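Q: What follows is work-v4.cif; its format and atoms are mmCIF, C-alpha atoms.
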```cif
data_target
loop_
_atom_site.label_atom_id
_atom_site.label_comp_id
_atom_site.auth_asym_id
_atom_site.auth_seq_id
_atom_site.Cartn_x
_atom_site.Cartn_y
_atom_site.Cartn_z
CA MET A 12 -19.51 -14.75 15.32
CA ARG A 13 -17.99 -13.36 12.15
CA LEU A 14 -14.21 -13.58 11.97
CA ALA A 15 -11.54 -12.67 9.45
CA PHE A 16 -7.89 -13.62 9.22
CA PHE A 17 -5.43 -11.94 6.83
CA GLY A 18 -2.09 -13.45 5.84
CA ASP A 19 1.42 -12.03 6.00
CA VAL A 20 1.53 -8.26 5.45
CA ILE A 21 4.58 -7.42 3.31
CA GLY A 22 5.86 -3.91 3.93
CA LYS A 23 4.13 -0.61 3.23
CA PRO A 24 2.11 -1.82 0.20
CA GLY A 25 0.44 -4.45 2.39
CA ARG A 26 -0.19 -2.00 5.22
CA ASP A 27 -1.60 0.60 2.82
CA ALA A 28 -3.92 -1.97 1.22
CA LEU A 29 -5.28 -3.02 4.60
CA ASN A 30 -5.82 0.63 5.53
CA THR A 31 -7.73 1.09 2.27
CA HIS A 32 -9.88 -2.05 2.28
CA LEU A 33 -10.23 -3.43 5.81
CA PRO A 34 -12.54 -0.75 7.28
CA GLY A 35 -15.05 -1.33 4.47
CA LEU A 36 -14.80 -5.11 4.79
CA LYS A 37 -15.46 -4.88 8.53
CA ARG A 38 -18.65 -2.93 7.89
CA ARG A 39 -19.82 -5.01 4.93
CA LEU A 40 -19.18 -8.40 6.55
CA GLY A 41 -20.10 -7.35 10.09
CA LEU A 42 -16.79 -8.63 11.42
CA ASP A 43 -16.54 -9.16 15.18
CA PHE A 44 -12.83 -9.95 15.30
CA VAL A 45 -9.89 -9.60 12.89
CA VAL A 46 -6.45 -11.25 13.10
CA VAL A 47 -3.55 -10.22 10.84
CA ASN A 48 -0.18 -11.92 10.50
CA ALA A 49 2.29 -9.02 10.64
CA GLU A 50 5.74 -10.61 10.82
CA ASN A 51 6.81 -8.94 7.53
CA ALA A 52 5.07 -5.60 8.10
CA ALA A 53 8.22 -3.48 8.62
CA ALA A 54 9.88 -3.22 5.19
CA GLY A 55 9.39 -6.96 4.72
CA PHE A 56 11.22 -8.05 7.88
CA GLY A 57 9.69 -8.04 11.35
CA ILE A 58 7.50 -5.46 13.03
CA THR A 59 7.85 -2.11 14.80
CA GLU A 60 5.50 -0.23 17.08
CA LYS A 61 4.68 2.19 14.27
CA THR A 62 3.87 -0.50 11.72
CA ALA A 63 1.82 -2.39 14.31
CA ASN A 64 -0.18 0.77 15.05
CA ASP A 65 -0.83 1.19 11.31
CA LEU A 66 -2.49 -2.22 11.32
CA PHE A 67 -4.42 -1.64 14.55
CA ASP A 68 -5.68 1.66 13.11
CA ALA A 69 -6.81 -0.20 9.97
CA GLY A 70 -8.98 -2.48 12.11
CA ALA A 71 -6.87 -5.43 13.28
CA ASP A 72 -7.75 -6.72 16.75
CA CYS A 73 -4.73 -9.03 17.06
CA LEU A 74 -1.41 -9.38 15.23
CA THR A 75 0.50 -12.66 14.99
CA LEU A 76 4.16 -13.13 14.14
CA GLY A 77 6.42 -15.98 12.97
CA ASN A 78 10.04 -16.71 12.16
CA HIS A 79 10.77 -12.98 11.58
CA SER A 80 9.42 -11.96 14.99
CA TRP A 81 12.66 -10.36 16.18
CA ASP A 82 14.07 -8.93 12.93
CA GLN A 83 13.39 -5.46 14.34
CA ARG A 84 15.04 -5.26 17.75
CA GLU A 85 12.41 -2.95 19.20
CA ALA A 86 9.90 -5.80 18.93
CA LEU A 87 11.62 -7.49 21.89
CA SER A 88 10.47 -4.72 24.24
CA TYR A 89 7.32 -3.61 22.40
CA ILE A 90 5.73 -7.05 22.61
CA GLU A 91 5.93 -6.93 26.41
CA ARG A 92 3.75 -3.81 26.41
CA GLU A 93 1.28 -4.86 23.72
CA PRO A 94 -0.97 -7.86 24.47
CA ARG A 95 -2.52 -7.62 21.01
CA LEU A 96 0.81 -8.75 19.51
CA LEU A 97 1.62 -12.48 19.66
CA ARG A 98 4.87 -14.31 18.88
CA PRO A 99 4.95 -18.08 18.34
CA LEU A 100 3.88 -19.99 21.44
CA ASN A 101 6.35 -22.85 21.12
CA TYR A 102 9.62 -21.14 21.99
CA PRO A 103 11.67 -23.26 24.39
CA ARG A 104 10.91 -22.33 27.99
CA LEU A 105 14.61 -21.76 28.65
CA SER A 106 14.74 -19.10 25.94
CA ARG A 107 12.56 -16.81 28.07
CA ALA A 108 11.16 -15.30 24.88
CA PRO A 109 9.38 -12.01 25.60
CA GLY A 110 5.67 -11.60 25.13
CA ARG A 111 3.10 -14.33 24.76
CA GLY A 112 2.06 -16.87 22.15
CA ALA A 113 -1.60 -17.24 23.07
CA PHE A 114 -4.04 -14.75 24.54
CA SER A 115 -7.75 -14.40 25.22
CA TYR A 116 -9.47 -11.25 23.95
CA GLU A 117 -12.93 -9.83 24.59
CA THR A 118 -14.78 -8.23 21.68
CA ALA A 119 -17.00 -5.16 21.83
CA LYS A 120 -20.00 -7.51 22.00
CA GLY A 121 -18.51 -9.47 24.90
CA HIS A 122 -17.37 -12.50 22.91
CA ARG A 123 -14.27 -14.31 24.18
CA VAL A 124 -11.71 -15.14 21.48
CA LEU A 125 -8.57 -17.21 22.06
CA VAL A 126 -5.80 -16.65 19.48
CA ILE A 127 -2.89 -19.10 19.30
CA SER A 128 0.28 -18.46 17.28
CA ILE A 129 2.37 -21.54 16.40
CA LEU A 130 5.62 -21.95 14.44
CA GLY A 131 6.19 -25.17 12.50
CA ARG A 132 9.42 -27.18 12.55
CA VAL A 133 9.67 -28.72 9.07
CA HIS A 134 12.38 -26.81 7.12
CA MET A 135 12.33 -24.07 9.77
CA ASP A 136 14.15 -23.12 12.98
CA ALA A 137 13.67 -25.97 15.43
CA LEU A 138 11.49 -24.65 18.24
CA ASP A 139 9.66 -26.89 20.70
CA ASP A 140 6.98 -29.30 19.51
CA PRO A 141 4.16 -27.21 17.95
CA PHE A 142 1.55 -29.88 18.62
CA SER A 143 2.29 -30.09 22.34
CA ALA A 144 2.18 -26.29 22.52
CA ALA A 145 -1.17 -26.18 20.73
CA GLU A 146 -2.54 -28.88 23.03
CA GLU A 147 -1.51 -26.93 26.11
CA ALA A 148 -3.16 -23.76 24.82
CA LEU A 149 -6.37 -25.54 23.85
CA GLU A 150 -6.58 -26.97 27.37
CA GLN A 151 -7.25 -23.46 28.69
CA GLY A 152 -10.92 -24.20 28.15
CA PRO A 153 -13.33 -25.84 25.72
CA LEU A 154 -14.59 -24.04 22.64
CA GLY A 155 -18.23 -23.00 23.06
CA GLN A 156 -17.85 -22.78 26.84
CA ALA A 157 -14.67 -21.00 27.91
CA PHE A 158 -14.31 -19.33 24.50
CA ASP A 159 -16.74 -18.25 21.80
CA ALA A 160 -14.03 -18.67 19.15
CA VAL A 161 -10.52 -20.12 18.91
CA ILE A 162 -8.19 -19.09 16.07
CA VAL A 163 -4.88 -20.87 15.36
CA ASP A 164 -2.21 -19.34 13.10
CA MET A 165 0.07 -22.19 11.91
CA HIS A 166 3.14 -20.42 10.53
CA CYS A 167 5.31 -22.89 8.63
CA GLU A 168 6.80 -24.04 5.32
CA ALA A 169 5.30 -27.49 4.85
CA THR A 170 1.70 -27.82 3.70
CA SER A 171 1.65 -31.27 5.31
CA GLU A 172 2.51 -29.83 8.73
CA LYS A 173 -0.21 -27.20 8.35
CA MET A 174 -2.78 -29.83 7.37
CA ALA A 175 -1.75 -32.03 10.28
CA MET A 176 -2.32 -29.12 12.69
CA GLY A 177 -5.75 -28.54 11.17
CA HIS A 178 -6.79 -32.12 11.85
CA PHE A 179 -5.09 -32.08 15.28
CA CYS A 180 -7.27 -29.12 16.32
CA ASP A 181 -10.41 -30.23 14.49
CA GLY A 182 -13.47 -29.86 16.69
CA ARG A 183 -11.53 -27.75 19.22
CA ALA A 184 -10.88 -24.58 17.19
CA SER A 185 -13.05 -22.33 15.05
CA LEU A 186 -10.27 -21.75 12.51
CA VAL A 187 -6.83 -23.16 11.76
CA VAL A 188 -5.10 -21.24 8.99
CA GLY A 189 -1.59 -21.39 7.59
CA THR A 190 0.74 -18.46 7.00
CA HIS A 191 4.35 -17.91 5.86
CA THR A 192 4.30 -18.95 2.19
CA HIS A 193 2.45 -15.78 1.07
CA VAL A 194 0.31 -17.45 -1.62
CA PRO A 195 -3.41 -18.17 -1.03
CA THR A 196 -4.33 -21.83 -1.39
CA ALA A 197 -7.57 -23.10 -2.91
CA ASP A 198 -8.56 -25.52 -0.13
CA ALA A 199 -10.82 -23.47 2.16
CA GLN A 200 -13.03 -26.03 3.87
CA ILE A 201 -14.73 -27.08 7.08
CA LEU A 202 -13.09 -30.19 8.51
CA PRO A 203 -15.24 -33.12 9.74
CA GLY A 204 -15.19 -31.93 13.35
CA GLY A 205 -16.32 -28.41 12.45
CA THR A 206 -13.05 -26.46 12.28
CA ALA A 207 -12.60 -24.06 9.35
CA TYR A 208 -9.29 -24.59 7.58
CA GLN A 209 -7.13 -23.17 4.77
CA THR A 210 -3.52 -24.22 4.17
CA ASP A 211 -2.32 -20.67 3.51
CA ALA A 212 -4.23 -17.42 3.85
CA GLY A 213 -1.91 -15.76 1.32
CA GLY A 214 0.05 -12.55 1.66
CA CYS A 215 -1.12 -8.96 1.75
CA CYS A 216 1.33 -7.73 -0.88
CA ASP A 217 2.02 -6.81 -4.48
CA TYR A 218 1.69 -10.06 -6.46
CA ASP A 219 3.84 -8.76 -9.34
CA SER A 220 6.67 -10.12 -7.20
CA VAL A 221 8.26 -13.20 -5.71
CA ILE A 222 6.24 -13.84 -2.52
CA GLY A 223 5.81 -10.08 -2.11
CA MET A 224 9.46 -9.15 -2.63
CA ASN A 225 11.09 -7.34 -5.56
CA LYS A 226 11.00 -9.80 -8.46
CA THR A 227 14.20 -8.56 -10.15
CA ILE A 228 16.31 -9.07 -7.04
CA SER A 229 14.68 -12.44 -6.32
CA VAL A 230 15.11 -13.78 -9.84
CA GLN A 231 18.74 -12.62 -9.91
CA ARG A 232 19.43 -14.48 -6.68
CA PHE A 233 17.87 -17.70 -7.95
CA ALA A 234 19.58 -17.48 -11.33
CA SER A 235 23.06 -16.49 -10.13
CA ARG A 236 23.16 -18.20 -6.72
CA LEU A 237 24.81 -15.01 -5.43
CA PRO A 238 23.42 -12.87 -2.59
CA GLY A 239 23.13 -9.63 -4.61
CA GLU A 240 21.09 -6.70 -3.36
CA ARG A 241 19.14 -6.75 -0.11
CA GLN A 242 15.59 -7.98 -0.57
CA THR A 243 12.92 -5.28 -0.52
CA PRO A 244 9.13 -5.48 -0.84
CA ALA A 245 7.58 -5.04 -4.28
CA THR A 246 5.97 -1.61 -4.37
CA GLY A 247 2.94 -2.00 -6.65
CA PRO A 248 -0.71 -2.12 -5.55
CA ALA A 249 -1.22 -4.94 -3.05
CA THR A 250 -3.91 -7.61 -2.86
CA ILE A 251 -5.09 -8.33 0.67
CA CYS A 252 -5.68 -12.05 1.10
CA GLY A 253 -7.36 -13.92 3.90
CA VAL A 254 -10.39 -15.89 4.98
CA PHE A 255 -13.84 -15.08 6.32
CA VAL A 256 -15.35 -17.46 8.88
CA GLU A 257 -18.79 -17.56 10.43
CA THR A 258 -19.32 -19.64 13.56
CA ASP A 259 -22.23 -21.29 15.33
CA PRO A 260 -22.98 -19.15 18.41
CA ARG A 261 -23.71 -22.27 20.48
CA THR A 262 -20.59 -24.30 19.74
CA GLY A 263 -18.04 -21.86 18.33
CA LEU A 264 -17.45 -24.24 15.42
CA ALA A 265 -17.46 -23.01 11.84
CA VAL A 266 -20.55 -23.03 9.65
CA ARG A 267 -18.91 -21.12 6.78
CA ILE A 268 -15.47 -20.30 5.41
CA GLU A 269 -14.73 -18.28 2.29
CA PRO A 270 -11.56 -16.74 0.87
CA ILE A 271 -11.06 -12.98 0.71
CA ARG A 272 -9.01 -11.32 -2.03
CA VAL A 273 -9.34 -7.57 -2.59
CA GLY A 274 -7.28 -5.07 -4.60
CA GLY A 275 -4.12 -5.46 -6.64
CA ARG A 276 -3.58 -8.08 -9.35
CA LEU A 277 -5.39 -11.19 -8.10
CA LYS A 278 -8.96 -11.97 -9.08
CA PRO A 279 -11.12 -10.47 -6.33
CA THR A 280 -13.41 -12.54 -4.17
CA VAL A 281 -15.47 -11.06 -1.34
CA PRO A 282 -18.03 -13.15 0.56
CA GLU A 283 -21.67 -12.31 0.10
CA VAL A 284 -23.31 -10.97 3.25
#
```
Represent the structure contained in this file as structure tokens.
A:
Amino acid sequence: MRLAFFGDVIGKPGRDALNTHLPGLKRRLGLDFVVVNAENAAAGFGITEKTANDLFDAGADCLTLGNHSWDQREALSYIEREPRLLRPLNYPRLSRAPGRGAFSYETAKGHRVLVISILGRVHMDALDDPFSAAEEALEQGPLGQAFDAVIVDMHCEATSEKMAMGHFCDGRASLVVGTHTHVPTADAQILPGGTAYQTDAGGCCDYDSVIGMNKTISVQRFASRLPGERQTPATGPATICGVFVETDPRTGLAVRIEPIRVGGRLKPTVPEV
């Protein structure tokens, strides 16, 4: 299979860039399944039905969320109606969080893809243990038998926690990729057990910014230590950032991973077909 994962979409510039570039990338790379982290898609904070539909129309097959899942109140009801939208799996059971954190999808070619959304705990809101949650989801069935591909979105601050999840899932997932920090890392690799891994996919945003947000407001906040104006997304041309993964059809494990960067300010890189 040929898979792609794109990191956090920051507001309208990120959505517009995906609308511009994703259809062509799907054709050029022959993508079978596309996951997009969309927790910042609605003006930089959360997601709405309209912004989700923008991303589905662009070519996303599944949207994952993170610590901003409920910033837009309508997401609490919308997620119950939309199985292609996933919140983090590891909410406490007693919270009765709406929606789902893992789901199995069938592609147009009949491939079965399990997507798992996980929220880390280091320097973040303390949800339940992300590793136990990932283990429970992976026990739904073995890669290469129950599923043709398994994709894990590890949404967290700490690079160490993301790396630990990569090794924890190694040999049991096609791809483990980090989100949340909005900057693409240079460590795309296939782990010893055959799982593709990158610490952060990067953001789909204007990089003349501070992690996709207006740089003037952000710098003022850091320099003054005062709250100042409300944060808003930077509005220049966005770079869409993510990873391309090709899997072995027999095992579901990765045989190739390459970064994707298209548009905007960052140096472009598009995998050769």
Q: For Phe44 in chain A, which residue out of A:Ile222, A:Ile127, A:Cys73, A:Leu277 is the nearest one, using all atoms listed in the file?
A: A:Cys73
Q: So how many Å separate CA of Leu42 in chain A and CA of Ala197 in chain A, to one decimal?
A: 22.4 Å
Q: So that I can check the surroundings of Thr192 in chain A, please list as a ChimeraX atom specification every protein, DNA and RNA residue that reaches within 7 Å of it, counting all atoms listed in the file and ignoring chain neighbours fewer than 2 positions away.
A: /A:168,190,194,211
Q: On this structure, the PyMOL selection byres ((chain A and resi 102-116) around 8) would catch which residues? List them as a list in words, sorted by chain and number.
A: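 Those residues are Leu87, Ser88, Ile90, Glu91, Pro94, Leu96, Leu97, Arg98, Pro99, Leu100, Asn101, Glu117, Thr118, Arg123, Val124, Leu125, Val126, Ile127, Ser128, Ile129, Leu138, Asp139 and Ala148 of chain A.
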Q: Using C-alpha atoms, can you export the residues from the last selection as a compact mmCIF listing (two decimals), in the coordinates of the input?
A:
```
# COMPACT_ATOMS: atom_id res chain seq x y z
CA LEU A 87 11.62 -7.49 21.89
CA SER A 88 10.47 -4.72 24.24
CA ILE A 90 5.73 -7.05 22.61
CA GLU A 91 5.93 -6.93 26.41
CA PRO A 94 -0.97 -7.86 24.47
CA LEU A 96 0.81 -8.75 19.51
CA LEU A 97 1.62 -12.48 19.66
CA ARG A 98 4.87 -14.31 18.88
CA PRO A 99 4.95 -18.08 18.34
CA LEU A 100 3.88 -19.99 21.44
CA ASN A 101 6.35 -22.85 21.12
CA GLU A 117 -12.93 -9.83 24.59
CA THR A 118 -14.78 -8.23 21.68
CA ARG A 123 -14.27 -14.31 24.18
CA VAL A 124 -11.71 -15.14 21.48
CA LEU A 125 -8.57 -17.21 22.06
CA VAL A 126 -5.80 -16.65 19.48
CA ILE A 127 -2.89 -19.10 19.30
CA SER A 128 0.28 -18.46 17.28
CA ILE A 129 2.37 -21.54 16.40
CA LEU A 138 11.49 -24.65 18.24
CA ASP A 139 9.66 -26.89 20.70
CA ALA A 148 -3.16 -23.76 24.82
```
Q: Of the candidates A:Lys278, A:Lys61, A:Arg241, A:Arg92, which one gets nearest to Ser229 in chain A if we count only C-alpha atoms?
A: A:Arg241
Q: Given the file above and the PyMOL selection byres ((chain A and resi 282) around 8), which residues are selected, and can you give them as a list in words?
A: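 With the shown file as input, the PyMOL selection byres ((chain A and resi 282) around 8) matches Leu40, Phe255, Glu269, Pro270, Ile271, Thr280, Val281, Glu283 and Val284 of chain A.
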Q: Save out the residues we just selected, C-alpha atoms, as a tab-separated table (two decimals), keeping the file's coordinate frame.
A:
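As a result, part24.tsv now contains:
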```
chain	number	residue	atom	x	y	z
A	40	LEU	CA	-19.18	-8.40	6.55
A	255	PHE	CA	-13.84	-15.08	6.32
A	269	GLU	CA	-14.73	-18.28	2.29
A	270	PRO	CA	-11.56	-16.74	0.87
A	271	ILE	CA	-11.06	-12.98	0.71
A	280	THR	CA	-13.41	-12.54	-4.17
A	281	VAL	CA	-15.47	-11.06	-1.34
A	283	GLU	CA	-21.67	-12.31	0.10
A	284	VAL	CA	-23.31	-10.97	3.25
```
Q: Restricting the calculation to all atoms listed in the file, which member of A:Val20, A:Met12, A:Ala71, A:Cys216 is positioned closest to Gly263 in chain A?
A: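 Checking each of A:Val20, A:Met12, A:Ala71, A:Cys216 against Gly263 in chain A, counting all atoms listed in the file, the winner is A:Met12.
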Q: Give me, please, the distance in Å between CA of His79 in chain A and CA of Gly223 in chain A, quoted to one decimal.
A: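 It comes out at 14.8 Å.
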Q: Could you pull the residues within 7 Å of Cys215 in chain A, counting only C-alpha atoms, minus those fewer than 4 positions along the same chain, as a list in words?
A: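 My list of contacting residues is Gly18, Asp19, Val20, Ile21, Gly25, Ala249, Thr250, Ile251 and Cys252 of chain A.
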Q: Apply the PyMOL selection byres ((chain A and resi 30) around 8) to the displayed file and report the matching residues as a list in words.
A: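 Evaluating the PyMOL selection byres ((chain A and resi 30) around 8) on this file yields Arg26, Asp27, Ala28, Leu29, Thr31, His32, Leu33, Pro34, Asp65, Leu66, Asp68, Ala69 and Gly70 of chain A.
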Q: Measure the distance from CA of Met224 in chain A to CA of Thr246 in chain A in Å and round it to one decimal.
A: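 These two atoms are separated by 8.5 Å.
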Q: Determine the nearest neighbour of Ala15 in chain A from the options A:Thr59, A:Ser185, A:Asn225, A:Asn64, counting all atoms listed in the file.
A: A:Ser185
Q: For Gly22 in chain A, which of A:Gly57, A:Pro153, A:Pro203, A:Gly77 is the closest residue, counting all atoms listed in the file?
A: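 Using all atoms listed in the file, the shortest distance to Gly22 in chain A belongs to A:Gly57.
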Q: Go through A:Gly155, A:Gly253, A:Pro279, A:Gly214 one by one, measure the shortest atom-to-atom distance of each to Val45 in chain A using only C-alpha atoms, and give the residue with the smallest value.
A: A:Gly253
Q: Which residues, written as a list in words, have at least one atom at most 9 Å from Thr262 in chain A, with all atoms listed in the file counted and residues fewer than 3 positions away on the same chain left out?
A: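 Once the adjacent positions are removed, what remains is Leu154, Gly155, Gln156, Asp159, Ala160, Thr258, Asp259 and Ala265 of chain A.
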Q: Those same residues - C-alpha atoms - I'd like them written as a CSV table (one decimal), in the frame of the given file.
A:
```
chain,number,residue,atom,x,y,z
A,154,LEU,CA,-14.6,-24.0,22.6
A,155,GLY,CA,-18.2,-23.0,23.1
A,156,GLN,CA,-17.8,-22.8,26.8
A,159,ASP,CA,-16.7,-18.2,21.8
A,160,ALA,CA,-14.0,-18.7,19.2
A,258,THR,CA,-19.3,-19.6,13.6
A,259,ASP,CA,-22.2,-21.3,15.3
A,265,ALA,CA,-17.5,-23.0,11.8
```
